[in-house]
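Quick look at structure24.cif (mmCIF, C-alpha atoms):
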```cif
data_work
loop_
_atom_site.group_PDB
_atom_site.id
_atom_site.type_symbol
_atom_site.label_atom_id
_atom_site.label_comp_id
_atom_site.auth_asym_id
_atom_site.auth_seq_id
_atom_site.Cartn_x
_atom_site.Cartn_y
_atom_site.Cartn_z
ATOM 1 C CA LYS A 12 12.168 -12.682 22.910
ATOM 2 C CA GLU A 13 15.702 -13.502 21.921
ATOM 3 C CA THR A 14 17.823 -11.227 19.849
ATOM 4 C CA GLY A 15 20.760 -11.803 17.616
ATOM 5 C CA LYS A 16 22.337 -10.470 14.500
ATOM 6 C CA VAL A 17 23.185 -11.768 11.089
ATOM 7 C CA SER A 18 26.093 -10.431 9.082
ATOM 8 C CA TYR A 19 27.792 -11.075 5.778
ATOM 9 C CA ASP A 20 31.550 -11.675 5.672
ATOM 10 C CA TYR A 21 32.806 -10.378 2.327
ATOM 11 C CA PHE A 22 36.219 -12.041 2.655
ATOM 12 C CA TYR A 23 34.767 -15.527 3.140
ATOM 13 C CA ASP A 24 31.626 -14.923 1.041
ATOM 14 C CA SER A 25 29.444 -16.295 3.818
ATOM 15 C CA PHE A 26 26.809 -15.299 6.316
ATOM 16 C CA GLY A 27 27.214 -15.626 10.059
ATOM 17 C CA ALA A 28 24.709 -15.475 12.879
ATOM 18 C CA GLU A 29 25.272 -14.473 16.485
ATOM 19 C CA THR A 30 22.768 -15.258 19.202
ATOM 20 C CA GLY A 31 22.442 -14.368 22.851
ATOM 21 C CA ARG A 32 22.842 -18.040 23.864
ATOM 22 C CA GLU A 33 24.356 -21.315 22.746
ATOM 23 C CA PHE A 34 22.581 -23.986 20.730
ATOM 24 C CA CYS A 35 23.294 -27.699 20.578
ATOM 25 C CA GLU A 36 24.593 -28.998 17.279
ATOM 26 C CA GLY A 37 21.746 -30.162 15.065
ATOM 27 C CA LYS A 38 19.147 -28.102 16.937
ATOM 28 C CA GLU A 39 16.803 -26.140 14.700
ATOM 29 C CA VAL A 40 17.139 -22.351 14.979
ATOM 30 C CA PHE A 41 14.529 -19.926 13.643
ATOM 31 C CA ILE A 42 15.033 -16.352 12.529
ATOM 32 C CA SER A 43 12.559 -13.559 11.963
ATOM 33 C CA TYR A 44 12.827 -10.968 9.241
ATOM 34 C CA GLY A 45 10.516 -8.725 11.246
ATOM 35 C CA LYS A 46 7.270 -7.179 10.077
ATOM 36 C CA ARG A 47 8.127 -6.636 6.421
ATOM 37 C CA SER A 48 6.173 -6.189 3.226
ATOM 38 C CA ASN A 49 6.727 -8.543 0.332
ATOM 39 C CA ASP A 50 8.383 -5.654 -1.531
ATOM 40 C CA HIS A 51 11.038 -5.502 1.195
ATOM 41 C CA LEU A 52 11.418 -9.277 1.456
ATOM 42 C CA LEU A 53 11.779 -9.707 -2.300
ATOM 43 C CA LYS A 54 14.176 -6.798 -2.728
ATOM 44 C CA ASN A 55 16.399 -7.649 0.225
ATOM 45 C CA TYR A 56 16.092 -11.425 0.624
ATOM 46 C CA GLY A 57 14.805 -12.774 -2.687
ATOM 47 C CA PHE A 58 11.558 -14.388 -1.542
ATOM 48 C CA VAL A 59 7.876 -13.615 -1.102
ATOM 49 C CA GLU A 60 5.917 -14.626 1.990
ATOM 50 C CA TYR A 61 2.587 -16.319 1.294
ATOM 51 C CA ASN A 62 -0.389 -14.589 2.916
ATOM 52 C CA ASN A 63 1.842 -11.882 4.407
ATOM 53 C CA GLY A 64 -0.215 -9.838 6.861
ATOM 54 C CA ASN A 65 2.393 -7.060 6.663
ATOM 55 C CA ASP A 66 2.214 -6.642 2.913
ATOM 56 C CA LEU A 67 1.279 -3.291 1.408
ATOM 57 C CA TYR A 68 -0.232 -2.199 -1.869
ATOM 58 C CA VAL A 69 0.698 1.288 -3.063
ATOM 59 C CA ILE A 70 -1.449 3.152 -5.585
ATOM 60 C CA GLU A 71 0.301 6.032 -7.352
ATOM 61 C CA ASP A 72 -0.535 8.316 -10.313
ATOM 62 C CA LEU A 73 -3.593 9.479 -8.400
ATOM 63 C CA ALA A 74 -4.759 12.216 -10.775
ATOM 64 C CA GLU A 75 -5.293 9.524 -13.402
ATOM 65 C CA LYS A 76 -6.908 7.168 -10.870
ATOM 66 C CA PHE A 77 -9.322 9.862 -9.689
ATOM 67 C CA GLY A 78 -10.477 10.298 -13.282
ATOM 68 C CA SER A 79 -11.400 6.622 -13.405
ATOM 69 C CA VAL A 80 -13.879 6.907 -10.497
ATOM 70 C CA ILE A 81 -15.115 10.532 -10.639
ATOM 71 C CA ASP A 82 -17.281 11.638 -13.568
ATOM 72 C CA ASP A 83 -17.073 15.388 -12.941
ATOM 73 C CA PRO A 84 -13.898 16.862 -14.488
ATOM 74 C CA ASP A 85 -14.496 20.159 -12.638
ATOM 75 C CA GLN A 86 -14.367 18.354 -9.315
ATOM 76 C CA ILE A 87 -11.092 16.660 -10.265
ATOM 77 C CA GLU A 88 -9.688 20.008 -11.427
ATOM 78 C CA LEU A 89 -10.641 21.579 -8.069
ATOM 79 C CA VAL A 90 -8.779 18.829 -6.220
ATOM 80 C CA LEU A 91 -5.703 19.102 -8.440
ATOM 81 C CA LYS A 92 -5.603 22.902 -7.931
ATOM 82 C CA SER A 93 -5.951 22.455 -4.158
ATOM 83 C CA ASN A 94 -2.356 21.193 -3.876
ATOM 84 C CA PHE A 95 -3.632 18.201 -1.918
ATOM 85 C CA VAL A 96 -2.327 15.940 -4.673
ATOM 86 C CA GLU A 97 1.414 16.203 -5.157
ATOM 87 C CA ASN A 98 3.724 14.189 -7.383
ATOM 88 C CA ASP A 99 4.518 11.781 -4.565
ATOM 89 C CA SER A 100 0.935 11.435 -3.314
ATOM 90 C CA ARG A 101 -0.170 7.857 -2.946
ATOM 91 C CA ILE A 102 -2.722 5.612 -1.344
ATOM 92 C CA VAL A 103 -1.190 2.882 0.798
ATOM 93 C CA LEU A 104 -3.387 -0.137 1.496
ATOM 94 C CA CYS A 105 -2.874 -3.114 3.762
ATOM 95 C CA VAL A 106 -5.058 -6.122 4.550
ATOM 96 C CA SER A 107 -7.022 -4.040 7.071
ATOM 97 C CA GLY A 108 -7.749 -1.208 4.612
ATOM 98 C CA LEU A 109 -6.204 2.240 4.319
ATOM 99 C CA LEU A 110 -2.829 2.486 6.045
ATOM 100 C CA TYR A 111 -2.332 5.488 8.321
ATOM 101 C CA PRO A 112 -0.294 7.708 8.552
ATOM 102 C CA GLU A 113 1.153 6.745 5.146
ATOM 103 C CA SER A 114 -2.081 7.732 3.379
ATOM 104 C CA ALA A 115 -2.845 10.777 5.537
ATOM 105 C CA GLN A 116 -1.449 13.176 2.936
ATOM 106 C CA ILE A 117 -4.055 12.132 0.365
ATOM 107 C CA LEU A 118 -7.102 12.081 2.693
ATOM 108 C CA PRO A 119 -7.958 15.792 2.216
ATOM 109 C CA ALA A 120 -8.125 15.265 -1.565
ATOM 110 C CA LEU A 121 -10.346 12.215 -1.105
ATOM 111 C CA ARG A 122 -12.659 14.164 1.228
ATOM 112 C CA LEU A 123 -12.872 16.974 -1.293
ATOM 113 C CA LEU A 124 -13.576 14.541 -4.140
ATOM 114 C CA ALA A 125 -16.263 12.831 -2.062
ATOM 115 C CA LEU A 126 -18.354 15.979 -1.679
ATOM 116 C CA ASN A 127 -21.811 15.638 -3.187
ATOM 117 C CA ASP A 128 -23.561 18.481 -5.042
ATOM 118 C CA SER A 129 -25.336 19.845 -1.956
ATOM 119 C CA GLN A 130 -22.103 19.778 0.047
ATOM 120 C CA ILE A 131 -20.255 21.576 -2.748
ATOM 121 C CA GLY A 132 -22.905 24.311 -2.668
ATOM 122 C CA SER A 133 -22.529 24.591 1.096
ATOM 123 C CA PHE A 134 -18.757 24.592 0.705
ATOM 124 C CA GLU A 135 -18.937 27.547 -1.711
ATOM 125 C CA ALA A 136 -21.659 29.395 0.240
ATOM 126 C CA ASN A 137 -19.822 29.170 3.553
ATOM 127 C CA ALA A 138 -16.391 29.859 2.044
ATOM 128 C CA ILE A 139 -14.967 26.824 3.776
ATOM 129 C CA SER A 140 -11.195 26.773 3.550
ATOM 130 C CA LEU A 141 -9.388 23.901 1.882
ATOM 131 C CA LYS A 142 -7.585 23.470 5.216
ATOM 132 C CA ASP A 143 -10.925 22.269 6.607
ATOM 133 C CA PHE A 144 -10.448 19.017 4.699
ATOM 134 C CA THR A 145 -7.350 17.992 6.654
ATOM 135 C CA SER A 146 -9.650 16.388 9.217
ATOM 136 C CA GLU A 147 -12.949 14.544 8.968
ATOM 137 C CA ILE A 148 -15.739 16.917 7.910
ATOM 138 C CA SER A 149 -18.604 14.468 8.467
ATOM 139 C CA SER A 150 -19.025 10.744 8.903
ATOM 140 C CA ALA A 151 -20.962 10.562 5.618
ATOM 141 C CA ASN A 152 -18.156 12.335 3.748
ATOM 142 C CA GLU A 153 -15.523 10.109 5.375
ATOM 143 C CA LYS A 154 -17.444 7.000 4.288
ATOM 144 C CA ALA A 155 -17.740 8.433 0.774
ATOM 145 C CA ALA A 156 -13.980 9.159 0.694
ATOM 146 C CA LEU A 157 -13.206 5.572 1.722
ATOM 147 C CA LEU A 158 -15.673 4.350 -0.897
ATOM 148 C CA LEU A 159 -13.606 6.225 -3.491
ATOM 149 C CA VAL A 160 -10.518 4.378 -2.267
ATOM 150 C CA GLN A 161 -12.442 1.111 -2.579
ATOM 151 C CA HIS A 162 -13.451 1.932 -6.179
ATOM 152 C CA ILE A 163 -9.893 2.931 -7.091
ATOM 153 C CA ALA A 164 -8.622 -0.346 -5.591
ATOM 154 C CA GLU A 165 -11.228 -2.359 -7.502
ATOM 155 C CA LYS A 166 -10.127 -0.714 -10.768
ATOM 156 C CA GLU A 167 -6.531 -1.486 -9.832
ATOM 157 C CA ILE A 168 -7.327 -5.215 -9.585
ATOM 158 C CA ILE A 169 -8.838 -5.138 -13.068
ATOM 159 C CA LEU A 170 -5.749 -3.367 -14.459
ATOM 160 C CA LYS A 171 -3.307 -5.724 -12.758
ATOM 161 C CA ASP A 172 -5.210 -8.818 -13.899
ATOM 162 C CA GLU A 173 -4.546 -7.776 -17.488
ATOM 163 C CA VAL A 174 -0.762 -8.022 -17.027
ATOM 164 C CA GLY A 175 0.235 -11.668 -17.285
ATOM 165 C CA VAL A 176 3.439 -13.504 -16.493
ATOM 166 C CA GLU A 177 4.344 -16.266 -18.879
ATOM 167 C CA GLY A 178 6.915 -19.001 -18.546
ATOM 168 C CA THR A 179 7.983 -21.396 -15.865
ATOM 169 C CA SER A 180 11.454 -20.245 -14.811
ATOM 170 C CA GLU A 181 12.193 -19.723 -11.125
ATOM 171 C CA THR A 182 12.225 -15.949 -11.650
ATOM 172 C CA GLU A 183 8.856 -16.016 -13.410
ATOM 173 C CA ASP A 184 7.431 -18.152 -10.595
ATOM 174 C CA LEU A 185 8.698 -15.596 -8.083
ATOM 175 C CA VAL A 186 7.150 -12.730 -10.070
ATOM 176 C CA ARG A 187 3.877 -14.661 -10.281
ATOM 177 C CA SER A 188 3.920 -15.269 -6.504
ATOM 178 C CA PHE A 189 4.636 -11.599 -5.868
ATOM 179 C CA LYS A 190 1.734 -10.507 -8.095
ATOM 180 C CA ASN A 191 -0.612 -13.033 -6.469
ATOM 181 C CA GLU A 192 0.289 -11.758 -3.000
ATOM 182 C CA LYS A 193 -0.244 -8.137 -4.090
ATOM 183 C CA LYS A 194 -3.638 -9.104 -5.458
ATOM 184 C CA ARG A 195 -4.476 -10.912 -2.195
ATOM 185 C CA THR A 196 -3.486 -7.803 -0.196
ATOM 186 C CA LEU A 197 -5.558 -5.566 -2.465
ATOM 187 C CA GLU A 198 -8.609 -7.868 -2.229
ATOM 188 C CA ALA A 199 -8.368 -7.980 1.577
ATOM 189 C CA ALA A 200 -8.080 -4.166 1.698
ATOM 190 C CA ILE A 201 -11.211 -3.832 -0.457
ATOM 191 C CA VAL A 202 -13.153 -6.127 1.873
ATOM 192 C CA SER A 203 -11.956 -4.097 4.875
ATOM 193 C CA LEU A 204 -12.990 -0.817 3.249
ATOM 194 C CA LYS A 205 -16.590 -2.026 2.751
#
```
Translate this structure into structure tokens?
Amino acid sequence: KETGKVSYDYFYDSFGAETGREFCEGKEVFISYGKRSNDHLLKNYGFVEYNNGNDLYVIEDLAEKFGSVIDDPDQIELVLKSNFVENDSRIVLCVSGLLYPESAQILPALRLLALNDSQIGSFEANAISLKDFTSEISSANEKAALLLVQHIAEKEIILKDEVGVEGTSETEDLVRSFKNEKKRTLEAAIVSLK
């Protein structure tokens, strides 16, 4: 693997590239931006990579999202009081599903939300500590927690489909490409969570 560096010269308003070896004039040279999400590529380089396997989809405002997939307001209230959900809590998805460790902070809340009625009774009867949810409590509960993520992601697709981009300018095309790639990442994550 060859290495090099690219830099911007402010005085000449130009970019330069240095490599570890010489190239013949006219020879094609490739660069890599590294494993980057489309958010990073768009923000820093002004383009979106089609079918980017390194793309991420971040779901925020989780208290609201939980309410869209859980019918029991008491259960949501329990989770919100548990301090498992903080202002910066988020679910981070990639094409292979839930991204760890980026989503590890929210997993205890998901496990708590995924408890069924009999488990809640057992939870109360045995005085299980909220700290017990920082690791997997059962394979059935873990599957149920991931199913919640899947449902939240499916609702997210519906919400994002409602926001359209009109026009044909280059910027609007770039925004449309970005949205399409986010949707593709979200759809692949949903498939992986099943």
Of the residues A:Tyr44, A:Glu192, A:Phe144, A:Lys38, which is the one nearest to Val17 in chain A, using all atoms listed in the file?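 Among A:Tyr44, A:Glu192, A:Phe144, A:Lys38, it is A:Tyr44 that comes nearest to Val17 in chain A.
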Please provide as a ChimeraX atom specification all residues within 6 Å of range 56-72 of chain A, with the sequence filter that same-chain residues fewer than 3 positions apart are discarded (counting all atoms listed in the file). /A:46-49,52-53,75,101-105
Residues from the last selection, C-alpha atoms, saved as a compact mmCIF listing (two decimals), keeping the file's coordinate frame:
```txt
# COMPACT_ATOMS: atom_id res chain seq x y z
CA LYS A 46 7.27 -7.18 10.08
CA ARG A 47 8.13 -6.64 6.42
CA SER A 48 6.17 -6.19 3.23
CA ASN A 49 6.73 -8.54 0.33
CA LEU A 52 11.42 -9.28 1.46
CA LEU A 53 11.78 -9.71 -2.30
CA GLU A 75 -5.29 9.52 -13.40
CA ARG A 101 -0.17 7.86 -2.95
CA ILE A 102 -2.72 5.61 -1.34
CA VAL A 103 -1.19 2.88 0.80
CA LEU A 104 -3.39 -0.14 1.50
CA CYS A 105 -2.87 -3.11 3.76
```
Between A:Ser43, A:Thr14, A:Ser180, A:Ser93, single out the one closest to Asp143 in chain A, counting all atoms listed in the file.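 Once distances to Asp143 in chain A are computed over all atoms listed in the file, the minimum belongs to A:Ser93.
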Counting only C-alpha atoms, select every polymer residue within 8 Å of (-9.1, -4.2, -0.2) as defined in the file's coordinates, and provide the selection as a count of residues only. 17
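CA of Asp24 in chain A lies 22.6 Å from CA of His51 in chain A.
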Check the smallest atom-to-atom distance from each of A:Pro119, A:Ile87, A:Ile81, A:Gly37 to Ile148 in chain A using all atoms listed in the file, then report the winner.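 Answer, going by the shortest atom-to-atom distance: A:Pro119.
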What is the CA of Ile117 in chain A to CA of Asn55 in chain A distance in Å?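 Interatomic distance, CA of Ile117 in chain A to CA of Asn55 in chain A: 28.5 Å.
Take CA of Ser79 in chain A and CA of Gln116 in chain A: the distance between them is 20.2 Å.
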Of the listed residues A:Glu29, A:Asp50, A:Glu97, A:Lys205, that which approaches Lys190 in chain A most closely, counting all atoms listed in the file: A:Asp50
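Considering the residues A:Phe22, A:Leu124, A:Cys35, A:Glu167 and counting all atoms listed in the file, Lys154 in chain A has its shortest atom-to-atom contact with A:Leu124.
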Because some atoms of range 79-98 of chain A are absent here, can you restore N, CA, C and O atoms and send them as a compact mmCIF listing (two decimals), in the coordinates of the input?
```
# COMPACT_ATOMS: atom_id res chain seq x y z
N SER A 79 -10.73 7.89 -13.12
CA SER A 79 -11.40 6.62 -13.40
C SER A 79 -12.61 6.37 -12.50
O SER A 79 -13.42 5.49 -12.79
N VAL A 80 -12.75 7.13 -11.42
CA VAL A 80 -13.88 6.91 -10.50
C VAL A 80 -14.77 8.14 -10.29
O VAL A 80 -15.82 8.03 -9.69
N ILE A 81 -14.33 9.30 -10.77
CA ILE A 81 -15.12 10.53 -10.64
C ILE A 81 -15.50 11.00 -12.03
O ILE A 81 -14.64 11.15 -12.90
N ASP A 82 -16.80 11.24 -12.24
CA ASP A 82 -17.28 11.64 -13.57
C ASP A 82 -17.14 13.13 -13.83
O ASP A 82 -17.11 13.55 -14.98
N ASP A 83 -17.07 13.94 -12.79
CA ASP A 83 -17.07 15.39 -12.94
C ASP A 83 -15.65 15.93 -13.08
O ASP A 83 -14.91 16.00 -12.11
N PRO A 84 -15.26 16.34 -14.29
CA PRO A 84 -13.90 16.86 -14.49
C PRO A 84 -13.63 18.14 -13.69
O PRO A 84 -12.49 18.39 -13.29
N ASP A 85 -14.67 18.94 -13.43
CA ASP A 85 -14.50 20.16 -12.64
C ASP A 85 -14.10 19.82 -11.20
O ASP A 85 -13.29 20.52 -10.59
N GLN A 86 -14.68 18.78 -10.67
CA GLN A 86 -14.37 18.35 -9.32
C GLN A 86 -12.92 17.87 -9.23
O GLN A 86 -12.20 18.20 -8.29
N ILE A 87 -12.48 17.13 -10.23
CA ILE A 87 -11.09 16.66 -10.26
C ILE A 87 -10.15 17.85 -10.39
O ILE A 87 -9.13 17.92 -9.70
N GLU A 88 -10.51 18.81 -11.25
CA GLU A 88 -9.69 20.01 -11.43
C GLU A 88 -9.56 20.78 -10.12
O GLU A 88 -8.47 21.26 -9.77
N LEU A 89 -10.66 20.90 -9.37
CA LEU A 89 -10.64 21.58 -8.07
C LEU A 89 -9.65 20.90 -7.13
O LEU A 89 -8.86 21.56 -6.45
N VAL A 90 -9.68 19.58 -7.10
CA VAL A 90 -8.78 18.83 -6.22
C VAL A 90 -7.33 19.02 -6.66
O VAL A 90 -6.43 19.23 -5.83
N LEU A 91 -7.08 18.96 -7.95
CA LEU A 91 -5.70 19.10 -8.44
C LEU A 91 -5.16 20.51 -8.16
O LEU A 91 -3.99 20.67 -7.83
N LYS A 92 -6.02 21.53 -8.24
CA LYS A 92 -5.60 22.90 -7.93
C LYS A 92 -5.43 23.13 -6.43
O LYS A 92 -4.79 24.09 -6.02
N SER A 93 -5.99 22.28 -5.61
CA SER A 93 -5.95 22.46 -4.16
C SER A 93 -4.58 22.18 -3.56
O SER A 93 -4.33 22.46 -2.40
N ASN A 94 -3.69 21.61 -4.34
CA ASN A 94 -2.36 21.19 -3.88
C ASN A 94 -2.41 20.05 -2.87
O ASN A 94 -1.44 19.79 -2.17
N PHE A 95 -3.56 19.39 -2.76
CA PHE A 95 -3.63 18.20 -1.92
C PHE A 95 -2.97 17.01 -2.60
O PHE A 95 -2.55 16.07 -1.95
N VAL A 96 -2.92 17.04 -3.92
CA VAL A 96 -2.33 15.94 -4.67
C VAL A 96 -1.00 16.42 -5.22
O VAL A 96 -0.95 17.30 -6.07
N GLU A 97 0.08 15.85 -4.69
CA GLU A 97 1.41 16.20 -5.16
C GLU A 97 1.97 15.04 -5.95
O GLU A 97 1.38 13.96 -6.01
N ASN A 98 3.12 15.24 -6.55
CA ASN A 98 3.72 14.19 -7.38
C ASN A 98 3.95 12.89 -6.63
O ASN A 98 3.87 11.81 -7.19
```
